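So this one's data_18.cif, mmCIF, C-alpha atoms:
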data_work
loop_
_atom_site.label_atom_id
_atom_site.label_comp_id
_atom_site.auth_asym_id
_atom_site.auth_seq_id
_atom_site.Cartn_x
_atom_site.Cartn_y
_atom_site.Cartn_z
CA MET A 1 81.93 -142.95 -67.66
CA SER A 2 78.18 -143.42 -67.30
CA ILE A 3 76.43 -142.51 -64.06
CA ASP A 4 73.39 -144.46 -62.90
CA HIS A 5 71.43 -141.46 -61.60
CA GLN A 6 68.61 -143.61 -60.24
CA ALA A 7 71.09 -145.64 -58.15
CA VAL A 8 72.71 -142.43 -56.89
CA ARG A 9 69.30 -141.05 -55.82
CA ALA A 10 68.43 -144.32 -54.11
CA ALA A 11 71.75 -144.37 -52.24
CA ARG A 12 71.25 -140.73 -51.17
CA GLU A 13 67.80 -141.54 -49.79
CA GLN A 14 69.18 -144.58 -47.94
CA ILE A 15 71.97 -142.50 -46.37
CA LYS A 16 69.47 -139.77 -45.48
CA ALA A 17 67.12 -142.26 -43.83
CA GLN A 18 69.94 -143.88 -41.89
CA HIS A 19 71.84 -140.78 -40.71
CA LEU A 20 69.65 -137.66 -40.82
CA ARG A 21 68.12 -137.26 -37.37
CA ALA A 22 64.61 -135.90 -36.89
CA HIS A 23 65.76 -134.15 -33.70
CA ARG A 24 69.28 -132.96 -34.42
CA PRO A 25 71.37 -132.52 -31.27
CA PRO A 26 73.51 -129.41 -30.87
CA SER A 27 76.95 -129.54 -32.44
CA SER A 28 79.98 -129.97 -30.23
CA ALA A 29 81.69 -127.21 -32.26
CA ARG A 30 81.42 -123.48 -31.59
CA GLY A 31 81.90 -122.59 -35.24
CA LEU A 32 84.50 -122.41 -37.98
CA HIS A 33 87.53 -120.59 -36.56
CA HIS A 34 89.33 -120.33 -39.88
CA PHE A 35 89.72 -122.16 -43.13
CA ALA A 36 93.33 -122.09 -44.35
CA LEU A 37 94.55 -122.06 -47.95
CA VAL A 38 97.98 -121.63 -49.49
CA SER A 39 98.99 -118.40 -51.24
CA SER A 40 101.79 -118.08 -53.78
CA ASP A 41 101.79 -114.27 -53.55
CA VAL A 42 100.78 -112.48 -50.34
CA GLU A 43 100.24 -109.09 -52.03
CA ALA A 44 98.12 -110.55 -54.84
CA THR A 45 96.03 -112.52 -52.33
CA ILE A 46 95.42 -109.45 -50.16
CA THR A 47 94.51 -107.35 -53.20
CA PHE A 48 92.06 -110.01 -54.40
CA TYR A 49 90.32 -110.74 -51.11
CA GLN A 50 90.40 -107.31 -49.48
CA ASP A 51 90.12 -104.94 -52.43
CA LEU A 52 88.04 -106.98 -54.88
CA LEU A 53 85.90 -109.13 -52.59
CA GLU A 54 85.77 -106.64 -49.69
CA PHE A 55 86.91 -109.11 -47.01
CA PRO A 56 89.00 -107.02 -44.59
CA LEU A 57 92.49 -108.24 -43.71
CA THR A 58 92.44 -108.69 -39.93
CA GLU A 59 96.01 -109.80 -39.14
CA ILE A 60 99.26 -111.07 -40.62
CA ILE A 61 101.64 -113.02 -38.37
CA GLU A 62 104.54 -115.40 -38.77
CA ASN A 63 103.52 -119.02 -39.25
CA ARG A 64 104.53 -120.77 -36.01
CA ASP A 65 105.19 -124.04 -37.88
CA TYR A 66 107.36 -122.62 -40.68
CA PRO A 67 109.62 -119.65 -39.82
CA GLY A 68 109.67 -117.07 -42.60
CA SER A 69 106.13 -117.99 -43.70
CA ASN A 70 103.17 -115.66 -43.24
CA HIS A 71 99.79 -116.63 -41.78
CA PHE A 72 97.19 -114.01 -42.64
CA PHE A 73 93.47 -113.70 -42.06
CA PHE A 74 90.41 -112.13 -43.69
CA ASP A 75 87.06 -111.45 -42.03
CA ILE A 76 84.33 -113.25 -43.98
CA GLY A 77 81.56 -112.27 -41.58
CA ASN A 78 79.67 -113.94 -38.77
CA GLY A 79 82.85 -114.35 -36.71
CA ASN A 80 84.51 -116.51 -39.39
CA LEU A 81 87.96 -116.14 -40.93
CA LEU A 82 89.52 -117.19 -44.20
CA ALA A 83 93.25 -117.69 -43.66
CA PHE A 84 96.27 -118.17 -45.88
CA PHE A 85 99.84 -119.36 -45.56
CA ASP A 86 102.67 -118.64 -47.92
CA PHE A 87 105.52 -121.13 -47.91
CA PRO A 88 108.56 -119.40 -49.41
CA GLY A 89 111.18 -121.84 -50.62
CA LEU A 90 108.92 -124.91 -50.72
CA ASP A 91 108.17 -124.64 -54.47
CA LEU A 92 104.61 -125.94 -54.10
CA GLY A 93 102.78 -126.92 -57.27
CA PRO A 94 99.58 -125.32 -58.55
CA TYR A 95 96.13 -125.94 -57.05
CA ARG A 96 94.63 -129.35 -57.84
CA GLU A 97 91.31 -130.87 -56.96
CA VAL A 98 91.92 -134.26 -55.36
CA LEU A 99 89.92 -136.69 -53.26
CA GLY A 100 89.82 -135.34 -49.73
CA GLY A 101 90.84 -131.92 -51.05
CA LEU A 102 89.05 -128.65 -51.57
CA HIS A 103 86.23 -128.43 -54.11
CA HIS A 104 85.12 -124.88 -53.38
CA ILE A 105 84.43 -122.45 -50.56
CA ALA A 106 80.91 -120.97 -50.51
CA ILE A 107 80.56 -117.62 -48.75
CA SER A 108 77.15 -116.08 -48.08
CA VAL A 109 76.63 -112.40 -48.89
CA ASP A 110 73.43 -110.37 -48.97
CA PRO A 111 71.79 -109.96 -52.41
CA SER A 112 72.85 -106.32 -52.95
CA THR A 113 76.45 -107.18 -52.06
CA TRP A 114 76.26 -110.18 -54.38
CA GLU A 115 75.19 -107.92 -57.25
CA ARG A 116 77.99 -105.43 -56.49
CA LEU A 117 80.66 -108.14 -56.23
CA CYS A 118 79.49 -109.79 -59.46
CA GLY A 119 79.96 -106.40 -61.11
CA LYS A 120 83.45 -106.08 -59.64
CA LEU A 121 84.39 -109.55 -60.92
CA GLU A 122 83.15 -108.57 -64.38
CA ALA A 123 84.98 -105.21 -64.31
CA ALA A 124 88.20 -106.90 -63.18
CA GLY A 125 87.97 -109.44 -66.00
CA ILE A 126 87.79 -112.37 -63.57
CA PRO A 127 86.22 -115.36 -65.37
CA HIS A 128 83.09 -116.39 -63.48
CA GLN A 129 79.91 -118.40 -63.86
CA VAL A 130 76.54 -117.36 -62.47
CA GLU A 131 74.14 -120.16 -61.50
CA SER A 132 70.47 -119.84 -60.49
CA GLY A 133 70.77 -116.06 -60.15
CA ALA A 134 72.10 -116.49 -56.61
CA SER A 135 75.52 -118.17 -56.97
CA VAL A 136 78.65 -117.00 -58.74
CA TYR A 137 81.67 -119.29 -59.11
CA PHE A 138 85.21 -118.11 -59.84
CA ALA A 139 88.83 -118.82 -58.89
CA ASP A 140 91.22 -116.87 -56.69
CA PRO A 141 94.74 -115.97 -57.93
CA ASP A 142 96.02 -119.44 -56.99
CA GLY A 143 93.11 -121.33 -58.54
CA ALA A 144 91.08 -122.12 -55.40
CA ARG A 145 87.41 -122.16 -56.39
CA LEU A 146 85.07 -119.80 -54.61
CA GLU A 147 81.33 -119.32 -54.61
CA LEU A 148 79.54 -116.18 -53.50
CA LEU A 149 76.03 -117.19 -52.57
CA ALA A 150 73.15 -114.75 -52.11
CA ASP A 151 71.21 -117.32 -50.05
CA PRO A 152 71.12 -116.68 -46.28
CA LEU A 153 73.34 -118.74 -44.01
CA GLY A 154 71.71 -122.11 -43.36
CA GLU A 155 69.80 -122.13 -46.68
CA MET A 156 70.64 -123.67 -50.03
CA TYR A 157 68.47 -123.20 -53.11
CA GLY A 158 65.55 -122.16 -50.92
CA SER A 159 65.80 -125.18 -48.59
CA ARG A 160 66.89 -125.06 -44.95
CA VAL A 161 70.11 -127.06 -44.52
CA LEU A 162 70.80 -125.96 -40.95
#

What do you get writing this file as structure tokens?
Amino acid sequence: MSIDHQAVRAAREQIKAQHLRAHRPPSSARGLHHFALVSSDVEATITFYQDLLEFPLTEIIENRDYPGSNHFFFDIGNGNLLAFFDFPGLDLGPYREVLGGLHHIAISVDPSTWERLCGKLEAAGIPHQVESGASVYFADPDGARLELLADPLGEMYGSRVL
């Protein structure tokens, strides 16, 4: 499949001109409460996120919508949570990227933490890819793609996006 990059750039500029406001109003949202993923193994997920990535487990409760299922949360800073469900007995298939689905989750960390966590990924033998010296991409135990980004919140590749 060939991509017409010039047409893509032109469409992006048209969308930007039509929808990006010079004076952006405040959002109606207070923030991201939690982002929920599915875990096939609660222990492995906790070990990965809490021990490897240093995101503290804040709570584990029963899933109100599926008795016998766990709903558990990790602190990813700035008042935000990354949450997981396990669904015992549902025999869910492996992670897949689909339209409308998850591509990756980008989590901002300070540069010294980024360096330390990159070293921990390497030491743990977790396959990863470093981009631009400020982003590292890798997968969690269930295949969800993650990015640790050394850029501050609201910035991307040196540009303000918020």

(message) Quick one: residues within 9 Å of A:Ser135, only C-alpha atoms, excluding same-chain residues fewer than 2 positions away - as a VMD selection string?
(response) chain A and resid 106 114 129 to 133 137 147 to 151

(request) Rank nothing, just name the residue among A:Tyr157, A:Phe35, A:Phe85, A:Phe73 nearest to A:Thr58, using only C-alpha atoms. (result) A:Phe73

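When atom CA of A:Leu102 is paired with atom CA of A:Ala124, their separation reads 24.7 Å.
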
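Excluding stretch 40-52 of chain A itself and any same-chain residue fewer than 2 positions from it, the protein and nucleic acid residues within 9 Å of it, counting only C-alpha atoms, are Val38, Glu54, Phe55, Pro56, Leu57, Asn70, Phe72, Phe74, Phe84, Phe85, Asp86, Phe87, Pro88, Leu92, Pro94, Leu117, Lys120, Leu121, Ala124, Asp140, Pro141 and Asp142 of chain A.
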
(request) Tell me, in Å to one decimal, how far atom CA of A:Val136 is from atom CA of A:Ala123. (result)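 According to the coordinates, atom CA of A:Val136 and atom CA of A:Ala123 are separated by 14.5 Å.
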
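Take atom CA of A:Leu146 and atom CA of A:Asp65: the distance between them is 26.5 Å.
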
(message) Which residue is closest to A:Asn78? Choose from A:Glu62, A:His19, A:His33, A:Leu90 and count all atoms listed in the file.
(response) A:His33

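Remark: for A:Arg30, the closest of the candidate residues A:Asn80, A:Gly158, A:Gly119, A:Ile126 is A:Asn80 (distances computed over all atoms listed in the file).
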
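Using all atoms listed in the file for every distance, the candidate list A:Gly79, A:Gly68, A:Gly125, A:Gly143 yields A:Gly143 as the residue closest to A:Ile105.
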
Just add N, CA and C atoms to stretch 126-151 of chain A and send it as a PDB file, keeping the file's coordinate frame.
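Once everything was written out, this is out28.pdb:
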ATOM      1  N   ILE A 126      87.649-111.061 -64.217  1.00  0.00           N
ATOM      2  CA  ILE A 126      87.790-112.370 -63.570  1.00  0.00           C
ATOM      3  C   ILE A 126      86.753-113.322 -64.188  1.00  0.00           C
ATOM      4  N   PRO A 127      87.184-114.400 -64.825  1.00  0.00           N
ATOM      5  CA  PRO A 127      86.220-115.360 -65.370  1.00  0.00           C
ATOM      6  C   PRO A 127      85.326-115.883 -64.240  1.00  0.00           C
ATOM      7  N   HIS A 128      84.031-115.936 -64.499  1.00  0.00           N
ATOM      8  CA  HIS A 128      83.090-116.390 -63.480  1.00  0.00           C
ATOM      9  C   HIS A 128      81.857-116.992 -64.147  1.00  0.00           C
ATOM     10  N   GLN A 129      81.120-117.744 -63.357  1.00  0.00           N
ATOM     11  CA  GLN A 129      79.910-118.400 -63.860  1.00  0.00           C
ATOM     12  C   GLN A 129      78.790-118.168 -62.858  1.00  0.00           C
ATOM     13  N   VAL A 130      77.707-117.589 -63.315  1.00  0.00           N
ATOM     14  CA  VAL A 130      76.540-117.360 -62.470  1.00  0.00           C
ATOM     15  C   VAL A 130      75.580-118.533 -62.627  1.00  0.00           C
ATOM     16  N   GLU A 131      75.096-119.055 -61.504  1.00  0.00           N
ATOM     17  CA  GLU A 131      74.140-120.160 -61.500  1.00  0.00           C
ATOM     18  C   GLU A 131      72.915-119.765 -60.693  1.00  0.00           C
ATOM     19  N   SER A 132      71.754-120.022 -61.204  1.00  0.00           N
ATOM     20  CA  SER A 132      70.470-119.840 -60.490  1.00  0.00           C
ATOM     21  C   SER A 132      70.247-118.411 -60.020  1.00  0.00           C
ATOM     22  N   GLY A 133      70.969-117.450 -60.541  1.00  0.00           N
ATOM     23  CA  GLY A 133      70.770-116.060 -60.150  1.00  0.00           C
ATOM     24  C   GLY A 133      71.133-115.753 -58.711  1.00  0.00           C
ATOM     25  N   ALA A 134      71.746-116.713 -58.018  1.00  0.00           N
ATOM     26  CA  ALA A 134      72.100-116.490 -56.610  1.00  0.00           C
ATOM     27  C   ALA A 134      73.500-116.984 -56.272  1.00  0.00           C
ATOM     28  N   SER A 135      74.173-117.652 -57.199  1.00  0.00           N
ATOM     29  CA  SER A 135      75.520-118.170 -56.970  1.00  0.00           C
ATOM     30  C   SER A 135      76.429-117.692 -58.098  1.00  0.00           C
ATOM     31  N   VAL A 136      77.640-117.303 -57.735  1.00  0.00           N
ATOM     32  CA  VAL A 136      78.650-117.000 -58.740  1.00  0.00           C
ATOM     33  C   VAL A 136      79.921-117.754 -58.350  1.00  0.00           C
ATOM     34  N   TYR A 137      80.465-118.485 -59.313  1.00  0.00           N
ATOM     35  CA  TYR A 137      81.670-119.290 -59.110  1.00  0.00           C
ATOM     36  C   TYR A 137      82.829-118.666 -59.857  1.00  0.00           C
ATOM     37  N   PHE A 138      84.017-118.676 -59.235  1.00  0.00           N
ATOM     38  CA  PHE A 138      85.210-118.110 -59.840  1.00  0.00           C
ATOM     39  C   PHE A 138      86.414-118.643 -59.066  1.00  0.00           C
ATOM     40  N   ALA A 139      87.608-118.341 -59.545  1.00  0.00           N
ATOM     41  CA  ALA A 139      88.830-118.820 -58.890  1.00  0.00           C
ATOM     42  C   ALA A 139      89.624-117.642 -58.348  1.00  0.00           C
ATOM     43  N   ASP A 140      90.328-117.899 -57.255  1.00  0.00           N
ATOM     44  CA  ASP A 140      91.220-116.870 -56.690  1.00  0.00           C
ATOM     45  C   ASP A 140      92.538-116.897 -57.476  1.00  0.00           C
ATOM     46  N   PRO A 141      93.494-116.013 -57.156  1.00  0.00           N
ATOM     47  CA  PRO A 141      94.740-115.970 -57.930  1.00  0.00           C
ATOM     48  C   PRO A 141      95.529-117.275 -57.970  1.00  0.00           C
ATOM     49  N   ASP A 142      95.329-118.158 -56.996  1.00  0.00           N
ATOM     50  CA  ASP A 142      96.020-119.440 -56.990  1.00  0.00           C
ATOM     51  C   ASP A 142      95.165-120.593 -57.488  1.00  0.00           C
ATOM     52  N   GLY A 143      93.959-120.299 -57.954  1.00  0.00           N
ATOM     53  CA  GLY A 143      93.110-121.330 -58.540  1.00  0.00           C
ATOM     54  C   GLY A 143      92.100-121.960 -57.599  1.00  0.00           C
ATOM     55  N   ALA A 144      92.084-121.576 -56.320  1.00  0.00           N
ATOM     56  CA  ALA A 144      91.080-122.120 -55.400  1.00  0.00           C
ATOM     57  C   ALA A 144      89.701-121.627 -55.851  1.00  0.00           C
ATOM     58  N   ARG A 145      88.751-122.525 -55.940  1.00  0.00           N
ATOM     59  CA  ARG A 145      87.410-122.160 -56.390  1.00  0.00           C
ATOM     60  C   ARG A 145      86.590-121.580 -55.259  1.00  0.00           C
ATOM     61  N   LEU A 146      85.915-120.493 -55.568  1.00  0.00           N
ATOM     62  CA  LEU A 146      85.070-119.800 -54.610  1.00  0.00           C
ATOM     63  C   LEU A 146      83.670-119.674 -55.161  1.00  0.00           C
ATOM     64  N   GLU A 147      82.715-119.593 -54.248  1.00  0.00           N
ATOM     65  CA  GLU A 147      81.330-119.320 -54.610  1.00  0.00           C
ATOM     66  C   GLU A 147      80.843-118.211 -53.688  1.00  0.00           C
ATOM     67  N   LEU A 148      80.284-117.170 -54.272  1.00  0.00           N
ATOM     68  CA  LEU A 148      79.540-116.180 -53.500  1.00  0.00           C
ATOM     69  C   LEU A 148      78.087-116.531 -53.683  1.00  0.00           C
ATOM     70  N   LEU A 149      77.399-116.687 -52.576  1.00  0.00           N
ATOM     71  CA  LEU A 149      76.030-117.190 -52.570  1.00  0.00           C
ATOM     72  C   LEU A 149      75.127-116.155 -51.926  1.00  0.00           C
ATOM     73  N   ALA A 150      74.074-115.754 -52.634  1.00  0.00           N
ATOM     74  CA  ALA A 150      73.150-114.750 -52.110  1.00  0.00           C
ATOM     75  C   ALA A 150      72.099-115.362 -51.181  1.00  0.00           C
ATOM     76  N   ASP A 151      72.124-116.669 -51.008  1.00  0.00           N
ATOM     77  CA  ASP A 151      71.210-117.320 -50.050  1.00  0.00           C
ATOM     78  C   ASP A 151      71.666-116.999 -48.633  1.00  0.00           C
TER      79      ASP A 151
END
